[in-house]
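Okay, work09.pdb now, which holds PDB, C-alpha atoms and all ligand atoms:
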ATOM      1  CA  MET R 128       0.000   0.000   0.000  1.00  0.00           C
ATOM      2  CA  ARG R 129       1.385   3.405  -1.035  1.00  0.00           C
ATOM      3  CA  VAL R 130       0.426   6.647   0.663  1.00  0.00           C
ATOM      4  CA  THR R 131       0.672   9.613  -1.696  1.00  0.00           C
ATOM      5  CA  LEU R 132      -0.043  13.320  -1.236  1.00  0.00           C
ATOM      6  CA  VAL R 133      -1.390  15.797  -3.750  1.00  0.00           C
ATOM      7  CA  GLN R 134      -2.214  19.471  -3.391  1.00  0.00           C
ATOM      8  CA  GLY R 135      -5.371  19.953  -5.427  1.00  0.00           C
ATOM      9  CA  ASP R 136      -9.083  19.361  -5.847  1.00  0.00           C
ATOM     10  CA  ILE R 137     -10.462  15.974  -4.849  1.00  0.00           C
ATOM     11  CA  THR R 138     -13.179  16.133  -7.517  1.00  0.00           C
ATOM     12  CA  GLU R 139     -10.499  16.000 -10.238  1.00  0.00           C
ATOM     13  CA  GLN R 140      -8.776  12.837  -9.033  1.00  0.00           C
ATOM     14  CA  ASP R 141      -8.594   9.917 -11.407  1.00  0.00           C
ATOM     15  CA  VAL R 142      -8.970   7.181  -8.788  1.00  0.00           C
ATOM     16  CA  ASP R 143     -11.457   4.362  -8.214  1.00  0.00           C
ATOM     17  CA  ALA R 144     -13.097   6.036  -5.243  1.00  0.00           C
ATOM     18  CA  VAL R 145     -13.071   9.491  -3.666  1.00  0.00           C
ATOM     19  CA  VAL R 146     -14.047   9.933  -0.037  1.00  0.00           C
ATOM     20  CA  ASN R 147     -16.519  12.677   0.815  1.00  0.00           C
ATOM     21  CA  ALA R 148     -16.372  14.592   4.108  1.00  0.00           C
ATOM     22  CA  ALA R 149     -20.152  14.479   4.417  1.00  0.00           C
ATOM     23  CA  ASN R 150     -22.587  15.159   7.233  1.00  0.00           C
ATOM     24  CA  SER R 151     -25.031  12.667   8.670  1.00  0.00           C
ATOM     25  CA  SER R 152     -27.952  13.926   6.556  1.00  0.00           C
ATOM     26  CA  LEU R 153     -26.110  12.686   3.420  1.00  0.00           C
ATOM     27  CA  LEU R 154     -27.911  15.481   1.593  1.00  0.00           C
ATOM     28  CA  GLY R 155     -24.956  17.708   0.792  1.00  0.00           C
ATOM     29  CA  GLY R 156     -23.309  20.763   2.324  1.00  0.00           C
ATOM     30  CA  GLY R 157     -20.291  23.021   1.780  1.00  0.00           C
ATOM     31  CA  GLY R 158     -16.559  22.281   1.423  1.00  0.00           C
ATOM     32  CA  VAL R 159     -15.640  18.936  -0.119  1.00  0.00           C
ATOM     33  CA  ASP R 160     -19.264  17.785   0.082  1.00  0.00           C
ATOM     34  CA  GLY R 161     -20.501  20.790  -1.907  1.00  0.00           C
ATOM     35  CA  ALA R 162     -17.741  20.385  -4.509  1.00  0.00           C
ATOM     36  CA  ILE R 163     -18.462  16.661  -4.994  1.00  0.00           C
ATOM     37  CA  HIS R 164     -22.193  17.192  -5.495  1.00  0.00           C
ATOM     38  CA  ARG R 165     -21.635  20.222  -7.766  1.00  0.00           C
ATOM     39  CA  ARG R 166     -19.096  18.468  -9.992  1.00  0.00           C
ATOM     40  CA  GLY R 167     -20.617  14.994  -9.766  1.00  0.00           C
ATOM     41  CA  GLY R 168     -24.152  16.029 -10.693  1.00  0.00           C
ATOM     42  CA  PRO R 169     -27.574  14.919  -9.428  1.00  0.00           C
ATOM     43  CA  ALA R 170     -27.038  11.132  -9.613  1.00  0.00           C
ATOM     44  CA  ILE R 171     -25.024  11.198  -6.378  1.00  0.00           C
ATOM     45  CA  LEU R 172     -27.701  13.059  -4.435  1.00  0.00           C
ATOM     46  CA  ARG R 173     -30.368  10.721  -5.789  1.00  0.00           C
ATOM     47  CA  GLU R 174     -28.473   7.698  -4.458  1.00  0.00           C
ATOM     48  CA  CYS R 175     -27.785   9.447  -1.163  1.00  0.00           C
ATOM     49  CA  ARG R 176     -31.527  10.053  -0.716  1.00  0.00           C
ATOM     50  CA  GLU R 177     -32.202   6.360  -1.364  1.00  0.00           C
ATOM     51  CA  LEU R 178     -29.530   5.244   1.112  1.00  0.00           C
ATOM     52  CA  ARG R 179     -30.951   7.642   3.656  1.00  0.00           C
ATOM     53  CA  ALA R 180     -34.501   6.341   3.200  1.00  0.00           C
ATOM     54  CA  ASP R 181     -33.606   2.625   3.030  1.00  0.00           C
ATOM     55  CA  ARG R 182     -30.708   2.226   5.456  1.00  0.00           C
ATOM     56  CA  HIS R 183     -30.193   5.355   7.539  1.00  0.00           C
ATOM     57  CA  PRO R 184     -33.498   7.085   8.250  1.00  0.00           C
ATOM     58  CA  ASP R 185     -31.923   8.778  11.300  1.00  0.00           C
ATOM     59  CA  GLY R 186     -28.838   9.813   9.337  1.00  0.00           C
ATOM     60  CA  LEU R 187     -25.435   8.183   8.882  1.00  0.00           C
ATOM     61  CA  PRO R 188     -23.720   8.013  12.301  1.00  0.00           C
ATOM     62  CA  THR R 189     -20.377   9.787  12.792  1.00  0.00           C
ATOM     63  CA  GLY R 190     -17.465   7.516  11.904  1.00  0.00           C
ATOM     64  CA  GLN R 191     -19.403   5.331   9.457  1.00  0.00           C
ATOM     65  CA  ALA R 192     -19.177   5.203   5.647  1.00  0.00           C
ATOM     66  CA  VAL R 193     -21.431   4.332   2.692  1.00  0.00           C
ATOM     67  CA  ALA R 194     -20.825   4.313  -1.069  1.00  0.00           C
ATOM     68  CA  THR R 195     -22.644   5.703  -4.084  1.00  0.00           C
ATOM     69  CA  THR R 196     -21.655   5.932  -7.712  1.00  0.00           C
ATOM     70  CA  ALA R 197     -19.684   9.046  -8.657  1.00  0.00           C
ATOM     71  CA  GLY R 198     -21.924  10.576 -11.313  1.00  0.00           C
ATOM     72  CA  ASP R 199     -19.895  12.804 -13.626  1.00  0.00           C
ATOM     73  CA  LEU R 200     -16.668  12.645 -11.585  1.00  0.00           C
ATOM     74  CA  PRO R 201     -13.645  10.803 -13.029  1.00  0.00           C
ATOM     75  CA  ALA R 202     -13.849   8.335 -10.104  1.00  0.00           C
ATOM     76  CA  ARG R 203     -16.220   5.344 -10.121  1.00  0.00           C
ATOM     77  CA  TRP R 204     -17.506   5.671  -6.575  1.00  0.00           C
ATOM     78  CA  VAL R 205     -17.932   8.217  -3.819  1.00  0.00           C
ATOM     79  CA  ILE R 206     -17.531   6.916  -0.277  1.00  0.00           C
ATOM     80  CA  HIS R 207     -19.413   9.228   2.074  1.00  0.00           C
ATOM     81  CA  THR R 208     -18.188   9.370   5.651  1.00  0.00           C
ATOM     82  CA  VAL R 209     -19.089  11.633   8.543  1.00  0.00           C
ATOM     83  CA  GLY R 210     -16.220  13.081  10.558  1.00  0.00           C
ATOM     84  CA  PRO R 211     -16.578  14.362  14.127  1.00  0.00           C
ATOM     85  CA  THR R 212     -16.779  18.049  14.925  1.00  0.00           C
ATOM     86  CA  TYR R 213     -13.807  19.064  17.066  1.00  0.00           C
ATOM     87  CA  ALA R 214     -14.380  19.560  20.787  1.00  0.00           C
ATOM     88  CA  LYS R 215     -11.664  20.684  23.212  1.00  0.00           C
ATOM     89  CA  SER R 216     -13.478  19.042  26.111  1.00  0.00           C
ATOM     90  CA  GLU R 217     -13.752  15.570  24.587  1.00  0.00           C
ATOM     91  CA  ASP R 218     -11.407  13.256  22.688  1.00  0.00           C
ATOM     92  CA  ARG R 219     -13.140  12.306  19.454  1.00  0.00           C
ATOM     93  CA  SER R 220     -10.062  10.910  17.725  1.00  0.00           C
ATOM     94  CA  HIS R 221     -11.576   7.389  17.683  1.00  0.00           C
ATOM     95  CA  LEU R 222     -14.436   8.732  15.547  1.00  0.00           C
ATOM     96  CA  LEU R 223     -12.053  10.370  13.084  1.00  0.00           C
ATOM     97  CA  ALA R 224      -9.973   7.165  12.943  1.00  0.00           C
ATOM     98  CA  SER R 225     -13.175   5.234  12.311  1.00  0.00           C
ATOM     99  CA  CYS R 226     -13.887   7.363   9.202  1.00  0.00           C
ATOM    100  CA  PHE R 227     -10.630   6.163   7.619  1.00  0.00           C
ATOM    101  CA  ARG R 228     -11.071   2.544   8.729  1.00  0.00           C
ATOM    102  CA  GLU R 229     -14.698   2.326   7.598  1.00  0.00           C
ATOM    103  CA  SER R 230     -13.984   4.076   4.293  1.00  0.00           C
ATOM    104  CA  LEU R 231     -11.223   1.540   3.569  1.00  0.00           C
ATOM    105  CA  ARG R 232     -13.558  -1.310   4.512  1.00  0.00           C
ATOM    106  CA  VAL R 233     -16.143  -0.006   2.025  1.00  0.00           C
ATOM    107  CA  ALA R 234     -13.388   0.490  -0.578  1.00  0.00           C
ATOM    108  CA  ASP R 235     -12.384  -3.160  -0.140  1.00  0.00           C
ATOM    109  CA  GLU R 236     -15.999  -4.250  -0.582  1.00  0.00           C
ATOM    110  CA  LEU R 237     -16.155  -2.279  -3.836  1.00  0.00           C
ATOM    111  CA  GLY R 238     -12.799  -3.630  -5.019  1.00  0.00           C
ATOM    112  CA  ALA R 239     -11.329  -0.114  -5.261  1.00  0.00           C
ATOM    113  CA  ARG R 240      -7.539  -0.102  -5.729  1.00  0.00           C
ATOM    114  CA  ALA R 241      -6.876   3.659  -5.599  1.00  0.00           C
ATOM    115  CA  VAL R 242      -8.728   5.819  -3.085  1.00  0.00           C
ATOM    116  CA  ALA R 243      -8.502   9.589  -2.532  1.00  0.00           C
ATOM    117  CA  PHE R 244      -9.165  11.083   0.919  1.00  0.00           C
ATOM    118  CA  PRO R 245      -9.649  14.736   1.836  1.00  0.00           C
ATOM    119  CA  ALA R 246      -8.563  16.147   5.201  1.00  0.00           C
ATOM    120  CA  ILE R 247     -11.761  14.962   6.911  1.00  0.00           C
ATOM    121  CA  SER R 248     -13.064  17.199   9.747  1.00  0.00           C
ATOM    122  CA  THR R 249     -10.439  19.948   9.255  1.00  0.00           C
ATOM    123  CA  GLY R 250     -12.754  22.471   7.562  1.00  0.00           C
ATOM    124  CA  VAL R 251     -16.240  23.264   8.825  1.00  0.00           C
ATOM    125  CA  TYR R 252     -15.725  20.709  11.647  1.00  0.00           C
ATOM    126  CA  ARG R 253     -12.580  22.586  12.878  1.00  0.00           C
ATOM    127  CA  TYR R 254     -10.324  19.630  13.780  1.00  0.00           C
ATOM    128  CA  PRO R 255      -6.727  20.883  14.300  1.00  0.00           C
ATOM    129  CA  LEU R 256      -4.703  20.018  11.205  1.00  0.00           C
ATOM    130  CA  ASP R 257      -1.725  18.363  12.893  1.00  0.00           C
ATOM    131  CA  GLU R 258      -3.923  16.125  15.036  1.00  0.00           C
ATOM    132  CA  ALA R 259      -6.161  15.189  12.132  1.00  0.00           C
ATOM    133  CA  ALA R 260      -3.148  14.445   9.933  1.00  0.00           C
ATOM    134  CA  ASP R 261      -1.562  12.169  12.567  1.00  0.00           C
ATOM    135  CA  ILE R 262      -4.822  10.280  13.096  1.00  0.00           C
ATOM    136  CA  ALA R 263      -5.251   9.866   9.328  1.00  0.00           C
ATOM    137  CA  MET R 264      -1.725   8.518   8.804  1.00  0.00           C
ATOM    138  CA  ARG R 265      -1.693   6.228  11.838  1.00  0.00           C
ATOM    139  CA  THR R 266      -5.068   4.773  10.942  1.00  0.00           C
ATOM    140  CA  VAL R 267      -4.222   4.010   7.317  1.00  0.00           C
ATOM    141  CA  ARG R 268      -0.908   2.491   8.472  1.00  0.00           C
ATOM    142  CA  ASP R 269      -2.734   0.220  10.926  1.00  0.00           C
ATOM    143  CA  THR R 270      -5.709  -0.818   8.766  1.00  0.00           C
ATOM    144  CA  PRO R 271      -5.310  -3.993   6.707  1.00  0.00           C
ATOM    145  CA  THR R 272      -6.643  -3.313   3.185  1.00  0.00           C
ATOM    146  CA  ARG R 273      -6.376  -4.441  -0.411  1.00  0.00           C
ATOM    147  CA  VAL R 274      -6.310  -0.778  -1.523  1.00  0.00           C
ATOM    148  CA  ALA R 275      -2.983  -0.240  -3.307  1.00  0.00           C
ATOM    149  CA  GLU R 276      -2.850   3.587  -3.283  1.00  0.00           C
ATOM    150  CA  ILE R 277      -4.206   5.900  -0.624  1.00  0.00           C
ATOM    151  CA  ARG R 278      -3.980   9.434  -1.951  1.00  0.00           C
ATOM    152  CA  PHE R 279      -4.490  12.369   0.407  1.00  0.00           C
ATOM    153  CA  VAL R 280      -5.750  15.369  -1.536  1.00  0.00           C
ATOM    154  CA  LEU R 281      -5.215  18.669   0.244  1.00  0.00           C
ATOM    155  CA  PHE R 282      -6.693  21.817  -1.145  1.00  0.00           C
ATOM    156  CA  ASP R 283      -4.366  24.372   0.430  1.00  0.00           C
ATOM    157  CA  PRO R 284      -0.640  24.632   1.268  1.00  0.00           C
ATOM    158  CA  ALA R 285      -1.177  24.470   5.074  1.00  0.00           C
ATOM    159  CA  PRO R 286      -3.013  21.127   5.150  1.00  0.00           C
ATOM    160  CA  TYR R 287      -0.627  19.795   2.526  1.00  0.00           C
ATOM    161  CA  ALA R 288       2.364  20.637   4.745  1.00  0.00           C
ATOM    162  CA  ALA R 289       0.651  19.187   7.831  1.00  0.00           C
ATOM    163  CA  PHE R 290      -0.171  15.906   6.090  1.00  0.00           C
ATOM    164  CA  ARG R 291       3.303  15.626   4.586  1.00  0.00           C
ATOM    165  CA  ALA R 292       4.897  16.110   8.018  1.00  0.00           C
ATOM    166  CA  ALA R 293       2.534  13.524   9.526  1.00  0.00           C
ATOM    167  CA  ARG R 294       3.365  11.046   6.793  1.00  0.00           C
ATOM    168  CA  ASP R 295       7.073  11.502   7.514  1.00  0.00           C
ATOM    169  CA  ARG R 296       6.490  11.058  11.263  1.00  0.00           C
ATOM    170  CA  VAL R 297       4.308   7.967  10.917  1.00  0.00           C
ATOM    171  CA  PHE R 298       5.938   6.198   7.969  1.00  0.00           C
ATOM    172  CA  GLY R 299       9.451   7.624   8.328  1.00  0.00           C
ATOM    173  CA  GLY R 300      10.718  10.353   5.971  1.00  0.00           C
TER     174      GLY R 300
HETATM  175  N1  LIG W   1     -10.799  19.145  -2.656  1.00  0.00           N
HETATM  176  C1  LIG W   1      -9.996  18.820  -1.611  1.00  0.00           C
HETATM  177  N2  LIG W   1     -10.099  19.397  -0.395  1.00  0.00           N
HETATM  178  C2  LIG W   1     -11.059  20.339  -0.215  1.00  0.00           C
HETATM  179  C3  LIG W   1     -11.953  20.724  -1.250  1.00  0.00           C
HETATM  180  C4  LIG W   1     -11.786  20.089  -2.516  1.00  0.00           C
HETATM  181  N3  LIG W   1     -12.567  20.373  -3.561  1.00  0.00           N
HETATM  182  N4  LIG W   1     -12.794  21.677  -0.747  1.00  0.00           N
HETATM  183  C5  LIG W   1     -12.447  21.868   0.545  1.00  0.00           C
HETATM  184  N5  LIG W   1     -11.399  21.080   0.870  1.00  0.00           N
HETATM  185  P1  LIG W   1     -14.801  20.351   4.861  1.00  0.00           P
HETATM  186  P2  LIG W   1     -15.376  18.825   7.336  1.00  0.00           P
HETATM  187  C6  LIG W   1     -10.699  20.923   2.182  1.00  0.00           C
HETATM  188  O1  LIG W   1     -15.369  21.576   5.489  1.00  0.00           O
HETATM  189  O2  LIG W   1     -14.505  19.703   8.160  1.00  0.00           O
HETATM  190  C7  LIG W   1     -19.757  20.207   4.808  1.00  0.00           C
HETATM  191  O3  LIG W   1     -20.708  21.234   4.848  1.00  0.00           O
HETATM  192  C8  LIG W   1     -10.908  21.990   3.219  1.00  0.00           C
HETATM  193  O4  LIG W   1     -10.037  23.079   2.974  1.00  0.00           O
HETATM  194  O5  LIG W   1     -15.176  20.020   3.480  1.00  0.00           O
HETATM  195  O6  LIG W   1     -15.306  17.340   7.538  1.00  0.00           O
HETATM  196  C9  LIG W   1     -20.371  18.843   5.080  1.00  0.00           C
HETATM  197  O7  LIG W   1     -21.678  18.732   4.549  1.00  0.00           O
HETATM  198  C10 LIG W   1     -10.588  21.251   4.512  1.00  0.00           C
HETATM  199  O8  LIG W   1      -9.171  21.215   4.728  1.00  0.00           O
HETATM  200  O9  LIG W   1     -15.157  19.017   5.746  1.00  0.00           O
HETATM  201  C11 LIG W   1     -20.388  18.786   6.583  1.00  0.00           C
HETATM  202  O10 LIG W   1     -21.492  19.471   7.115  1.00  0.00           O
HETATM  203  C12 LIG W   1     -11.027  19.817   4.221  1.00  0.00           C
HETATM  204  O11 LIG W   1     -11.194  19.745   2.807  1.00  0.00           O
HETATM  205  C13 LIG W   1     -19.119  19.516   6.963  1.00  0.00           C
HETATM  206  O12 LIG W   1     -18.840  20.401   5.882  1.00  0.00           O
HETATM  207  C14 LIG W   1     -12.325  19.396   4.903  1.00  0.00           C
HETATM  208  O13 LIG W   1     -13.223  20.495   4.983  1.00  0.00           O
HETATM  209  C15 LIG W   1     -17.945  18.582   7.107  1.00  0.00           C
HETATM  210  O14 LIG W   1     -16.850  19.321   7.582  1.00  0.00           O
END

Please lay out the structure from this file as structure tokens.
Ligand code: AR6
Amino acid sequence: MRVTLVQGDITEQDVDAVVNAANSSLLGGGGVDGAIHRRGGPAILRECRELRADRHPDGLPTGQAVATTAGDLPARWVIHTVGPTYAKSEDRSHLLASCFRESLRVADELGARAVAFPAISTGVYRYPLDEAADIAMRTVRDTPTRVAEIRFVLFDPAPYAAFRAARDRVFGG
């Protein structure tokens, strides 16, 4: 398994599956979620509504993941996962780790070989970048998977630098 880093837009990645930093409604939002639905077109939202009605009437719980097709995106699938909001008073790192573990489990079920992840929870959900990056790297290191490439796609220079430093810490520079 290779861990790669790209500074760019996750909706443009030519991979088997892209992971969406969704919310539990599965009905769209801002950030990565907004970009994926905008670029991917209405097919993704249609499938999200069906998943919501059939399997998650109360919403997708934090830390879990589900897949839809990817509509007009270059990828074949979107794996929607719900990160935790950051709270100083409570350690929610297990929920963020669960997003990566569950997304890789779904990727294995789909047979995806290359999977792109955004910096889940570090935008609207305010998780500190360095912490989120360490959790991401440690969890992908410790999760057995048939995925051959895990590509972290960071929009801006600051998250890119944080994830690169975390990769060096966790995997050795
Ligand atoms: N490609 C890659 N990274 C991006 C892109 C993009 N196109 N757009 C933003 N980022 P966020 P969260 C970065 O807020 O914190 C939504 O409303 C962004 O700079 O997308 O998990 C959902 O519906 C940040 O570093 O996800 C939820 O309600 C990172 O992606 C909520 O936001 C994640 O930011 C989820 O919040």

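Residues selected in this file by the PyMOL selection byres (((chain R and resi 141-148) around 7) and not hetatm) comprise R:Glu139, R:Gln140, R:Ala149, R:Asn150, R:Val159, R:Asp160, R:Pro201, R:Ala202, R:Arg203, R:Trp204, R:Val205, R:Ile206, R:His207, R:Thr208, R:Val209, R:Gly210, R:Ala239, R:Arg240, R:Ala241, R:Val242, R:Ala243, R:Phe244, R:Pro245, R:Ile247.
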
List all protein, DNA and RNA residues that have an atom no more than 9 Å from any atom of ligand LIG 1 (chain W), counting all atoms listed in the file, and report them as JSON, numbers by chain. {"R": [134, 135, 136, 137, 138, 139, 147, 148, 149, 150, 151, 152, 153, 154, 155, 156, 157, 158, 159, 160, 161, 162, 163, 208, 209, 210, 211, 212, 213, 244, 245, 246, 247, 248, 249, 250, 251, 252, 253, 254, 256, 279, 280, 281, 282, 283, 285, 286, 287]}

Find the distance between CA of Val130 in chain R and CA of Asp269 in chain R and write it in Å to one decimal. 12.5 Å

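Atom pair CA of Ala192 in chain R / CA of Ser230 in chain R has a distance of 5.5 Å (rounded to one decimal).
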
Exactly which residues make up the result of the PyMOL selection byres (((chain R and resi 257) around 9) and not hetatm) on this file, given as a PDB file with C-alpha atoms, in the coordinates of the input?
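Saved result, out26.pdb, follows:
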ATOM      1  CA  TYR R 254     -10.324  19.630  13.780  1.00  0.00           C
ATOM      2  CA  PRO R 255      -6.727  20.883  14.300  1.00  0.00           C
ATOM      3  CA  LEU R 256      -4.703  20.018  11.205  1.00  0.00           C
ATOM      4  CA  GLU R 258      -3.923  16.125  15.036  1.00  0.00           C
ATOM      5  CA  ALA R 259      -6.161  15.189  12.132  1.00  0.00           C
ATOM      6  CA  ALA R 260      -3.148  14.445   9.933  1.00  0.00           C
ATOM      7  CA  ASP R 261      -1.562  12.169  12.567  1.00  0.00           C
ATOM      8  CA  ILE R 262      -4.822  10.280  13.096  1.00  0.00           C
ATOM      9  CA  PRO R 286      -3.013  21.127   5.150  1.00  0.00           C
ATOM     10  CA  ALA R 289       0.651  19.187   7.831  1.00  0.00           C
ATOM     11  CA  PHE R 290      -0.171  15.906   6.090  1.00  0.00           C
ATOM     12  CA  ALA R 292       4.897  16.110   8.018  1.00  0.00           C
ATOM     13  CA  ALA R 293       2.534  13.524   9.526  1.00  0.00           C
TER      14      ALA R 293
END

What is the CA of Arg173 in chain R-CA of Arg232 in chain R distance in Å, reported with one decimal? 23.1 Å

To test your reading of the syntax: which residues would the PyMOL selection byres (((chain R and resi 166-171) around 7) and not hetatm) return for the file shown? Reply as a list in words.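 Here the PyMOL selection byres (((chain R and resi 166-171) around 7) and not hetatm) matches Thr138, Ala162, Ile163, His164, Arg165, Leu172, Arg173, Glu174, Cys175, Thr195, Thr196, Ala197, Gly198, Asp199 and Leu200 of chain R.
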
Could you complete range 181-190 of chain R so that it carries all heavy atoms, and give it back as a compact mmCIF listing (two decimals), in the frame of the given file?
# COMPACT_ATOMS: atom_id res chain seq x y z
N ASP R 181 -33.59 4.09 2.86
CA ASP R 181 -33.61 2.62 3.03
C ASP R 181 -32.80 2.17 4.24
O ASP R 181 -33.18 1.23 4.93
CB ASP R 181 -33.00 1.94 1.80
CG ASP R 181 -33.83 2.19 0.55
OD1 ASP R 181 -34.97 2.67 0.71
OD2 ASP R 181 -33.32 1.92 -0.56
N ARG R 182 -31.63 2.79 4.46
CA ARG R 182 -30.71 2.23 5.46
C ARG R 182 -30.42 3.13 6.63
O ARG R 182 -30.02 2.65 7.69
CB ARG R 182 -29.38 1.85 4.77
CG ARG R 182 -29.52 0.60 3.90
CD ARG R 182 -28.31 0.36 3.03
NE ARG R 182 -27.05 0.44 3.75
CZ ARG R 182 -25.85 0.47 3.15
NH1 ARG R 182 -25.78 0.43 1.83
NH2 ARG R 182 -24.75 0.53 3.87
N HIS R 183 -30.58 4.44 6.46
CA HIS R 183 -30.19 5.36 7.54
C HIS R 183 -31.23 6.45 7.74
O HIS R 183 -30.92 7.65 7.56
CB HIS R 183 -28.82 5.97 7.23
CG HIS R 183 -27.73 4.95 7.14
ND1 HIS R 183 -27.21 4.32 8.26
CD2 HIS R 183 -27.09 4.42 6.07
CE1 HIS R 183 -26.28 3.47 7.88
NE2 HIS R 183 -26.19 3.50 6.56
N PRO R 184 -32.45 6.07 8.10
CA PRO R 184 -33.50 7.08 8.25
C PRO R 184 -33.16 8.15 9.30
O PRO R 184 -33.62 9.28 9.18
CB PRO R 184 -34.73 6.28 8.66
CG PRO R 184 -34.22 4.94 9.07
CD PRO R 184 -32.94 4.71 8.34
N ASP R 185 -32.31 7.79 10.29
CA ASP R 185 -31.92 8.78 11.30
C ASP R 185 -30.61 9.46 10.95
O ASP R 185 -30.02 10.16 11.78
CB ASP R 185 -31.78 8.11 12.67
CG ASP R 185 -33.11 7.52 13.13
OD1 ASP R 185 -34.15 8.12 12.81
OD2 ASP R 185 -33.08 6.46 13.79
N GLY R 186 -30.11 9.23 9.74
CA GLY R 186 -28.84 9.81 9.34
C GLY R 186 -27.70 8.82 9.51
O GLY R 186 -27.80 7.86 10.28
N LEU R 187 -26.61 9.05 8.77
CA LEU R 187 -25.44 8.18 8.88
C LEU R 187 -24.66 8.59 10.14
O LEU R 187 -24.25 9.74 10.26
CB LEU R 187 -24.56 8.35 7.64
CG LEU R 187 -23.32 7.46 7.57
CD1 LEU R 187 -23.71 5.99 7.41
CD2 LEU R 187 -22.41 7.90 6.41
N PRO R 188 -24.44 7.63 11.07
CA PRO R 188 -23.72 8.01 12.30
C PRO R 188 -22.28 8.47 12.02
O PRO R 188 -21.64 7.99 11.08
CB PRO R 188 -23.73 6.72 13.12
CG PRO R 188 -24.87 5.92 12.58
CD PRO R 188 -24.93 6.25 11.11
N THR R 189 -21.78 9.33 12.87
CA THR R 189 -20.38 9.79 12.79
C THR R 189 -19.45 8.58 12.82
O THR R 189 -19.64 7.65 13.61
CB THR R 189 -20.09 10.72 13.98
OG1 THR R 189 -21.03 11.78 13.96
CG2 THR R 189 -18.68 11.29 13.90
N GLY R 190 -18.45 8.60 11.93
CA GLY R 190 -17.46 7.52 11.90
C GLY R 190 -17.81 6.39 10.95
O GLY R 190 -17.00 5.50 10.73
